[in-house]
Amino acid sequence: MTVMAERASDQMSVDVFERIAEFAAREDETVSFEFIGGRIEVKKVADARHGEIAMWLVFECKRARPELTLYVANQGLKVEAYRKGRALPDAVLAPVGYFNREGDWTDPDGVLMAVEITSYDSDTHKRDRVDKPRAYAEAGIPVYLLIDRENLSVLVHSNPNPEFGYQDIHVARLGDKFALPDPVGIELDTEELKQYVD
């Protein structure tokens with residue numbers, strides 16, 4: 001990104017970002033954008049194993065909590081303090097029908113969990129381990145689940161504080177069993193996930 005583009009994105013409004021994201025989505029379905037920390041971020045197309053992990057989690061969540069759905073199709077959320085950010089989580093756990101609303105960017109009140117699955121790219125650390133947990137905590141999303149393929153681990157962030165981020169972080173190795181805290185309340189056995197990492 002050029003210096004001029006960086007300066008422009010520092011001053012970009014949410015309205016301008018939404019117009020850019022809408023245009024990009026119409027022109028090329030392989031490109032998606034997020035607006036985190038006042039900057040545009042490119043949401044890359046996920047690899048096949050990334051999709052397998054997401055589908056595994058869909059089935060586990062539906063089996064344990066049939067009244068909920070784990071949405072995996074680019075459900076846009078308004079995030080960060082005062083909803084000035086826009087994120088496309090890899091998955092969002094919410095009541096059935098939650099995204100049956102108008103608009104591409106939904107208020108996260110009622111979302112129980114945001115999920116990210118790391119990609120093997122240079123942006124993963126900043127995006128999934130730093131920026132996203134902060135943005136989801138500021139939005140008050142109760143649980144943030146990070147499936148970290150690079151570190152062969154699962155991080156469960158809970159107890160969000162808008163000023164300080166998630167106050168509780170539980171780390172499990174891939175293959176471990178653990179419980180997602182309330183309001184999610186689902187137990188997961190991640191042994192199967194070991195086959196989807198490099």
# chains A, B, ... in the order shown; residues from 1 in each chain; ligands from 1
>>> closest_atom_pairs(of="range 56-122 of chain A", to="range 171-186 of chain A", cutoff="10 Å", atoms="only C-alpha atoms", output="JSON lines")
{"residue": "A:Glu60", "atom": "CA", "partner": "A:Ile186", "partner_atom": "CA", "distance": 8.4}
{"residue": "A:Cys61", "atom": "CA", "partner": "A:Ile186", "partner_atom": "CA", "distance": 7.0}
{"residue": "A:Lys62", "atom": "CA", "partner": "A:Ile186", "partner_atom": "CA", "distance": 9.9}
{"residue": "A:Arg63", "atom": "CA", "partner": "A:Ile186", "partner_atom": "CA", "distance": 9.5}
{"residue": "A:Ala64", "atom": "CA", "partner": "A:Ile186", "partner_atom": "CA", "distance": 6.3}
{"residue": "A:Arg65", "atom": "CA", "partner": "A:Ile186", "partner_atom": "CA", "distance": 7.6}
{"residue": "A:Leu68", "atom": "CA", "partner": "A:Val184", "partner_atom": "CA", "distance": 9.5}
{"residue": "A:Leu93", "atom": "CA", "partner": "A:Val184", "partner_atom": "CA", "distance": 8.3}
{"residue": "A:Ala94", "atom": "CA", "partner": "A:Val184", "partner_atom": "CA", "distance": 9.4}
{"residue": "A:Val111", "atom": "CA", "partner": "A:Pro183", "partner_atom": "CA", "distance": 9.9}
{"residue": "A:Leu112", "atom": "CA", "partner": "A:Val184", "partner_atom": "CA", "distance": 6.2}
{"residue": "A:Met113", "atom": "CA", "partner": "A:Val184", "partner_atom": "CA", "distance": 7.2}
>>> closest_atom_pairs(of="range 42-145 of chain A", to="range 154-162 of chain A", cutoff="8 Å", atoms="only C-alpha atoms", output="CSV")
residue,atom,partner,partner_atom,distance
A:Ala81,CA,A:Pro162,CA,7.0
A:Pro133,CA,A:His157,CA,7.7
A:Ala137,CA,A:Pro160,CA,4.7
A:Glu138,CA,A:Pro162,CA,3.9
A:Ala139,CA,A:Pro162,CA,7.0
A:Gly140,CA,A:Pro160,CA,5.9
A:Ile141,CA,A:Pro160,CA,6.9
A:Pro142,CA,A:Ser158,CA,5.8
A:Val143,CA,A:Ser158,CA,4.7
A:Tyr144,CA,A:His157,CA,4.9
A:Leu145,CA,A:Val156,CA,4.8
>>> closest_residue(among="A:Gln195, A:Glu27, A:Leu188, A:Arg39", to="Phe59 in chain A", atoms="only C-alpha atoms")
A:Leu188
>>> closest_atom_pairs(of="range 23-89 of chain A", to="range 127-131 of chain A", cutoff="9 Å", atoms="only C-alpha atoms", output="Markdown table")
| residue | atom | partner | partner_atom | distance |
| --- | --- | --- | --- | --- |
| A:Ile36 | CA | A:Asp131 | CA | 7.1 |
| A:Gly37 | CA | A:Asp131 | CA | 7.5 |
| A:Glu41 | CA | A:Arg127 | CA | 8.6 |
>>> select_by_dssp(residues="range 20-161 of chain A", states="strand (DSSP E)", output="PDB file with N, CA, C and O atoms, in the first residue's frame")
ATOM      1  N   SER A  32     -12.936  -9.609  -0.715  1.00  0.00           N
ATOM      2  CA  SER A  32     -13.770  -9.017   0.323  1.00  0.00           C
ATOM      3  C   SER A  32     -12.897  -8.098   1.158  1.00  0.00           C
ATOM      4  O   SER A  32     -11.702  -8.329   1.307  1.00  0.00           O
ATOM      5  N   PHE A  33     -13.512  -7.072   1.709  1.00  0.00           N
ATOM      6  CA  PHE A  33     -12.771  -6.123   2.532  1.00  0.00           C
ATOM      7  C   PHE A  33     -13.372  -6.029   3.920  1.00  0.00           C
ATOM      8  O   PHE A  33     -14.580  -6.187   4.102  1.00  0.00           O
ATOM      9  N   GLU A  34     -12.504  -5.727   4.887  1.00  0.00           N
ATOM     10  CA  GLU A  34     -12.914  -5.436   6.256  1.00  0.00           C
ATOM     11  C   GLU A  34     -12.370  -4.049   6.600  1.00  0.00           C
ATOM     12  O   GLU A  34     -11.450  -3.557   5.953  1.00  0.00           O
ATOM     13  N   PHE A  35     -12.932  -3.452   7.649  1.00  0.00           N
ATOM     14  CA  PHE A  35     -12.509  -2.127   8.098  1.00  0.00           C
ATOM     15  C   PHE A  35     -12.254  -2.224   9.591  1.00  0.00           C
ATOM     16  O   PHE A  35     -13.174  -2.142  10.397  1.00  0.00           O
ATOM     17  N   ILE A  36     -10.999  -2.469   9.949  1.00  0.00           N
ATOM     18  CA  ILE A  36     -10.625  -2.689  11.345  1.00  0.00           C
ATOM     19  C   ILE A  36      -9.579  -1.648  11.735  1.00  0.00           C
ATOM     20  O   ILE A  36      -8.597  -1.457  11.027  1.00  0.00           O
ATOM     21  N   ARG A  39      -8.676   1.084   9.152  1.00  0.00           N
ATOM     22  CA  ARG A  39      -7.950   0.736   7.930  1.00  0.00           C
ATOM     23  C   ARG A  39      -8.680  -0.376   7.174  1.00  0.00           C
ATOM     24  O   ARG A  39      -9.268  -1.267   7.771  1.00  0.00           O
ATOM     25  N   ILE A  40      -8.571  -0.315   5.866  1.00  0.00           N
ATOM     26  CA  ILE A  40      -9.128  -1.381   5.025  1.00  0.00           C
ATOM     27  C   ILE A  40      -8.190  -2.579   5.073  1.00  0.00           C
ATOM     28  O   ILE A  40      -6.980  -2.438   4.941  1.00  0.00           O
ATOM     29  N   GLU A  41      -8.779  -3.753   5.273  1.00  0.00           N
ATOM     30  CA  GLU A  41      -8.031  -5.006   5.254  1.00  0.00           C
ATOM     31  C   GLU A  41      -8.649  -5.896   4.178  1.00  0.00           C
ATOM     32  O   GLU A  41      -9.868  -5.928   4.010  1.00  0.00           O
ATOM     33  N   VAL A  42      -7.820  -6.627   3.465  1.00  0.00           N
ATOM     34  CA  VAL A  42      -8.307  -7.550   2.443  1.00  0.00           C
ATOM     35  C   VAL A  42      -8.583  -8.891   3.108  1.00  0.00           C
ATOM     36  O   VAL A  42      -7.744  -9.428   3.823  1.00  0.00           O
ATOM     37  N   LYS A  43      -9.774  -9.412   2.896  1.00  0.00           N
ATOM     38  CA  LYS A  43     -10.138 -10.742   3.402  1.00  0.00           C
ATOM     39  C   LYS A  43      -9.864 -11.719   2.272  1.00  0.00           C
ATOM     40  O   LYS A  43     -10.535 -11.717   1.249  1.00  0.00           O
ATOM     41  N   LEU A  68     -29.370 -22.709  17.549  1.00  0.00           N
ATOM     42  CA  LEU A  68     -28.388 -21.762  17.048  1.00  0.00           C
ATOM     43  C   LEU A  68     -27.888 -22.194  15.674  1.00  0.00           C
ATOM     44  O   LEU A  68     -28.024 -23.345  15.300  1.00  0.00           O
ATOM     45  N   THR A  69     -27.294 -21.266  14.952  1.00  0.00           N
ATOM     46  CA  THR A  69     -26.653 -21.581  13.671  1.00  0.00           C
ATOM     47  C   THR A  69     -25.265 -20.964  13.677  1.00  0.00           C
ATOM     48  O   THR A  69     -25.091 -19.831  14.129  1.00  0.00           O
ATOM     49  N   LEU A  70     -24.295 -21.709  13.155  1.00  0.00           N
ATOM     50  CA  LEU A  70     -22.971 -21.154  12.931  1.00  0.00           C
ATOM     51  C   LEU A  70     -22.945 -20.715  11.478  1.00  0.00           C
ATOM     52  O   LEU A  70     -22.880 -21.533  10.567  1.00  0.00           O
ATOM     53  N   TYR A  71     -23.038 -19.403  11.259  1.00  0.00           N
ATOM     54  CA  TYR A  71     -23.065 -18.830   9.923  1.00  0.00           C
ATOM     55  C   TYR A  71     -21.641 -18.711   9.409  1.00  0.00           C
ATOM     56  O   TYR A  71     -20.789 -18.146  10.079  1.00  0.00           O
ATOM     57  N   GLY A  76     -21.344 -10.008   7.610  1.00  0.00           N
ATOM     58  CA  GLY A  76     -20.680  -8.801   8.069  1.00  0.00           C
ATOM     59  C   GLY A  76     -21.195  -8.325   9.410  1.00  0.00           C
ATOM     60  O   GLY A  76     -22.392  -8.304   9.658  1.00  0.00           O
ATOM     61  N   LEU A  77     -20.258  -7.929  10.286  1.00  0.00           N
ATOM     62  CA  LEU A  77     -20.609  -7.420  11.608  1.00  0.00           C
ATOM     63  C   LEU A  77     -20.053  -6.016  11.808  1.00  0.00           C
ATOM     64  O   LEU A  77     -18.948  -5.708  11.380  1.00  0.00           O
ATOM     65  N   LYS A  78     -20.835  -5.203  12.511  1.00  0.00           N
ATOM     66  CA  LYS A  78     -20.350  -3.909  12.970  1.00  0.00           C
ATOM     67  C   LYS A  78     -19.583  -4.175  14.257  1.00  0.00           C
ATOM     68  O   LYS A  78     -20.120  -4.760  15.196  1.00  0.00           O
ATOM     69  N   VAL A  79     -18.306  -3.785  14.285  1.00  0.00           N
ATOM     70  CA  VAL A  79     -17.460  -4.086  15.439  1.00  0.00           C
ATOM     71  C   VAL A  79     -16.732  -2.838  15.928  1.00  0.00           C
ATOM     72  O   VAL A  79     -16.885  -1.768  15.351  1.00  0.00           O
ATOM     73  N   GLY A  85     -16.121  -0.111  13.094  1.00  0.00           N
ATOM     74  CA  GLY A  85     -15.405  -1.089  12.292  1.00  0.00           C
ATOM     75  C   GLY A  85     -16.373  -2.026  11.589  1.00  0.00           C
ATOM     76  O   GLY A  85     -17.559  -2.109  11.934  1.00  0.00           O
ATOM     77  N   ARG A  86     -15.862  -2.744  10.589  1.00  0.00           N
ATOM     78  CA  ARG A  86     -16.655  -3.716   9.841  1.00  0.00           C
ATOM     79  C   ARG A  86     -15.798  -4.965   9.665  1.00  0.00           C
ATOM     80  O   ARG A  86     -14.700  -4.894   9.107  1.00  0.00           O
ATOM     81  N   ALA A  87     -16.296  -6.099  10.163  1.00  0.00           N
ATOM     82  CA  ALA A  87     -15.529  -7.347  10.101  1.00  0.00           C
ATOM     83  C   ALA A  87     -16.330  -8.437   9.420  1.00  0.00           C
ATOM     84  O   ALA A  87     -17.566  -8.469   9.494  1.00  0.00           O
ATOM     85  N   ALA A  91     -16.718 -17.302  10.882  1.00  0.00           N
ATOM     86  CA  ALA A  91     -18.011 -17.861  11.283  1.00  0.00           C
ATOM     87  C   ALA A  91     -18.561 -17.041  12.444  1.00  0.00           C
ATOM     88  O   ALA A  91     -17.807 -16.416  13.191  1.00  0.00           O
ATOM     89  N   VAL A  92     -19.888 -17.059  12.572  1.00  0.00           N
ATOM     90  CA  VAL A  92     -20.581 -16.338  13.635  1.00  0.00           C
ATOM     91  C   VAL A  92     -21.670 -17.255  14.192  1.00  0.00           C
ATOM     92  O   VAL A  92     -22.508 -17.759  13.432  1.00  0.00           O
ATOM     93  N   LEU A  93     -21.668 -17.461  15.508  1.00  0.00           N
ATOM     94  CA  LEU A  93     -22.701 -18.264  16.161  1.00  0.00           C
ATOM     95  C   LEU A  93     -23.782 -17.334  16.694  1.00  0.00           C
ATOM     96  O   LEU A  93     -23.500 -16.418  17.477  1.00  0.00           O
ATOM     97  N   ALA A  94     -25.015 -17.568  16.243  1.00  0.00           N
ATOM     98  CA  ALA A  94     -26.139 -16.708  16.632  1.00  0.00           C
ATOM     99  C   ALA A  94     -27.434 -17.522  16.542  1.00  0.00           C
ATOM    100  O   ALA A  94     -27.446 -18.617  15.969  1.00  0.00           O
ATOM    101  N   PRO A  95     -28.510 -17.004  17.090  1.00  0.00           N
ATOM    102  CA  PRO A  95     -29.792 -17.702  16.972  1.00  0.00           C
ATOM    103  C   PRO A  95     -30.192 -17.888  15.507  1.00  0.00           C
ATOM    104  O   PRO A  95     -29.843 -17.078  14.645  1.00  0.00           O
ATOM    105  N   TRP A 105     -24.058  -5.258   6.876  1.00  0.00           N
ATOM    106  CA  TRP A 105     -23.316  -5.169   8.133  1.00  0.00           C
ATOM    107  C   TRP A 105     -24.320  -5.136   9.279  1.00  0.00           C
ATOM    108  O   TRP A 105     -25.079  -4.191   9.421  1.00  0.00           O
ATOM    109  N   THR A 106     -24.297  -6.173  10.100  1.00  0.00           N
ATOM    110  CA  THR A 106     -25.282  -6.345  11.157  1.00  0.00           C
ATOM    111  C   THR A 106     -24.699  -5.970  12.517  1.00  0.00           C
ATOM    112  O   THR A 106     -23.536  -6.248  12.802  1.00  0.00           O
ATOM    113  N   MET A 113     -20.829 -15.838  19.498  1.00  0.00           N
ATOM    114  CA  MET A 113     -19.426 -16.162  19.283  1.00  0.00           C
ATOM    115  C   MET A 113     -19.003 -15.777  17.876  1.00  0.00           C
ATOM    116  O   MET A 113     -19.733 -16.001  16.919  1.00  0.00           O
ATOM    117  N   ALA A 114     -17.802 -15.213  17.779  1.00  0.00           N
ATOM    118  CA  ALA A 114     -17.152 -14.977  16.489  1.00  0.00           C
ATOM    119  C   ALA A 114     -16.010 -15.979  16.379  1.00  0.00           C
ATOM    120  O   ALA A 114     -15.350 -16.299  17.373  1.00  0.00           O
ATOM    121  N   VAL A 115     -15.792 -16.490  15.171  1.00  0.00           N
ATOM    122  CA  VAL A 115     -14.760 -17.510  14.947  1.00  0.00           C
ATOM    123  C   VAL A 115     -13.824 -17.054  13.834  1.00  0.00           C
ATOM    124  O   VAL A 115     -14.279 -16.562  12.812  1.00  0.00           O
ATOM    125  N   GLU A 116     -12.540 -17.236  14.057  1.00  0.00           N
ATOM    126  CA  GLU A 116     -11.542 -17.051  13.012  1.00  0.00           C
ATOM    127  C   GLU A 116     -10.683 -18.308  12.944  1.00  0.00           C
ATOM    128  O   GLU A 116     -10.409 -18.934  13.976  1.00  0.00           O
ATOM    129  N   ILE A 117     -10.303 -18.665  11.740  1.00  0.00           N
ATOM    130  CA  ILE A 117      -9.423 -19.802  11.477  1.00  0.00           C
ATOM    131  C   ILE A 117      -8.208 -19.221  10.763  1.00  0.00           C
ATOM    132  O   ILE A 117      -8.366 -18.585   9.717  1.00  0.00           O
ATOM    133  N   VAL A 143     -17.871 -14.501  23.172  1.00  0.00           N
ATOM    134  CA  VAL A 143     -16.799 -15.485  22.979  1.00  0.00           C
ATOM    135  C   VAL A 143     -16.162 -15.275  21.606  1.00  0.00           C
ATOM    136  O   VAL A 143     -16.857 -15.075  20.614  1.00  0.00           O
ATOM    137  N   TYR A 144     -14.838 -15.328  21.591  1.00  0.00           N
ATOM    138  CA  TYR A 144     -14.081 -15.320  20.338  1.00  0.00           C
ATOM    139  C   TYR A 144     -13.259 -16.601  20.311  1.00  0.00           C
ATOM    140  O   TYR A 144     -12.447 -16.847  21.201  1.00  0.00           O
ATOM    141  N   LEU A 145     -13.496 -17.426  19.303  1.00  0.00           N
ATOM    142  CA  LEU A 145     -12.784 -18.696  19.144  1.00  0.00           C
ATOM    143  C   LEU A 145     -11.804 -18.554  17.992  1.00  0.00           C
ATOM    144  O   LEU A 145     -12.198 -18.255  16.868  1.00  0.00           O
ATOM    145  N   LEU A 146     -10.530 -18.756  18.290  1.00  0.00           N
ATOM    146  CA  LEU A 146      -9.498 -18.713  17.269  1.00  0.00           C
ATOM    147  C   LEU A 146      -8.919 -20.111  17.107  1.00  0.00           C
ATOM    148  O   LEU A 146      -8.335 -20.662  18.040  1.00  0.00           O
ATOM    149  N   ILE A 147      -9.093 -20.677  15.928  1.00  0.00           N
ATOM    150  CA  ILE A 147      -8.483 -21.966  15.603  1.00  0.00           C
ATOM    151  C   ILE A 147      -7.190 -21.640  14.876  1.00  0.00           C
ATOM    152  O   ILE A 147      -7.205 -21.173  13.740  1.00  0.00           O
ATOM    153  N   ASP A 148      -6.093 -21.854  15.572  1.00  0.00           N
ATOM    154  CA  ASP A 148      -4.767 -21.424  15.113  1.00  0.00           C
ATOM    155  C   ASP A 148      -4.031 -22.615  14.509  1.00  0.00           C
ATOM    156  O   ASP A 148      -3.391 -23.392  15.219  1.00  0.00           O
ATOM    157  N   SER A 153      -3.197 -24.981  17.849  1.00  0.00           N
ATOM    158  CA  SER A 153      -3.904 -24.699  19.088  1.00  0.00           C
ATOM    159  C   SER A 153      -5.259 -24.060  18.821  1.00  0.00           C
ATOM    160  O   SER A 153      -5.570 -23.652  17.706  1.00  0.00           O
ATOM    161  N   VAL A 154      -6.047 -24.011  19.885  1.00  0.00           N
ATOM    162  CA  VAL A 154      -7.343 -23.349  19.864  1.00  0.00           C
ATOM    163  C   VAL A 154      -7.346 -22.374  21.033  1.00  0.00           C
ATOM    164  O   VAL A 154      -7.018 -22.763  22.158  1.00  0.00           O
ATOM    165  N   LEU A 155      -7.682 -21.126  20.767  1.00  0.00           N
ATOM    166  CA  LEU A 155      -7.742 -20.116  21.821  1.00  0.00           C
ATOM    167  C   LEU A 155      -9.188 -19.684  22.003  1.00  0.00           C
ATOM    168  O   LEU A 155      -9.849 -19.291  21.037  1.00  0.00           O
ATOM    169  N   VAL A 156      -9.659 -19.762  23.244  1.00  0.00           N
ATOM    170  CA  VAL A 156     -11.020 -19.361  23.578  1.00  0.00           C
ATOM    171  C   VAL A 156     -10.930 -18.080  24.389  1.00  0.00           C
ATOM    172  O   VAL A 156     -10.440 -18.077  25.519  1.00  0.00           O
ATOM    173  N   HIS A 157     -11.378 -16.986  23.790  1.00  0.00           N
ATOM    174  CA  HIS A 157     -11.394 -15.689  24.449  1.00  0.00           C
ATOM    175  C   HIS A 157     -12.795 -15.462  25.009  1.00  0.00           C
ATOM    176  O   HIS A 157     -13.784 -15.662  24.292  1.00  0.00           O
ATOM    177  N   SER A 158     -12.886 -15.020  26.259  1.00  0.00           N
ATOM    178  CA  SER A 158     -14.201 -14.748  26.851  1.00  0.00           C
ATOM    179  C   SER A 158     -14.083 -13.585  27.833  1.00  0.00           C
ATOM    180  O   SER A 158     -12.988 -13.091  28.098  1.00  0.00           O
ATOM    181  N   ASN A 159     -15.219 -13.187  28.373  1.00  0.00           N
ATOM    182  CA  ASN A 159     -15.298 -12.082  29.317  1.00  0.00           C
ATOM    183  C   ASN A 159     -14.795 -10.786  28.672  1.00  0.00           C
ATOM    184  O   ASN A 159     -13.787 -10.218  29.091  1.00  0.00           O
ATOM    185  N   PRO A 160     -15.515 -10.307  27.629  1.00  0.00           N
ATOM    186  CA  PRO A 160     -15.047  -9.114  26.910  1.00  0.00           C
ATOM    187  C   PRO A 160     -15.167  -7.838  27.736  1.00  0.00           C
ATOM    188  O   PRO A 160     -16.139  -7.644  28.459  1.00  0.00           O
ATOM    189  N   ASN A 161     -14.164  -7.001  27.618  1.00  0.00           N
ATOM    190  CA  ASN A 161     -14.176  -5.679  28.223  1.00  0.00           C
ATOM    191  C   ASN A 161     -13.876  -4.694  27.100  1.00  0.00           C
ATOM    192  O   ASN A 161     -12.826  -4.798  26.462  1.00  0.00           O
TER     193      ASN A 161
END
>>> closest_residue(among="A:His170, A:Arg49, A:Lys84, A:Lys132", to="Lys194 in chain A", atoms="only C-alpha atoms")
A:Arg49
>>> atom_distance(atom1="CA of Glu67 in chain A", atom2="CA of Phe99 in chain A")
14.0 Å
>>> select_by_dssp(residues="chain A", states="helix (DSSP H, G or I)", output="NGL selection string")
:A and (3-10 or 14-27 or 48-64 or 81-83 or 124-138 or 190-196)
>>> closest_residue(among="A:Gly38, A:Arg19, A:Gly51, A:Asp107", to="Tyr196 in chain A", atoms="only C-alpha atoms")
A:Gly51
>>> atom_distance(atom1="CA of Ala73 in chain A", atom2="CA of Asp90 in chain A")
7.7 Å
>>> atom_distance(atom1="CA of Val197 in chain A", atom2="CA of Leu152 in chain A")
7.6 Å
>>> closest_residue(among="A:Gly103, A:Phe17, A:Gly97, A:Arg134", to="Gln167 in chain A", atoms="only C-alpha atoms")
A:Arg134
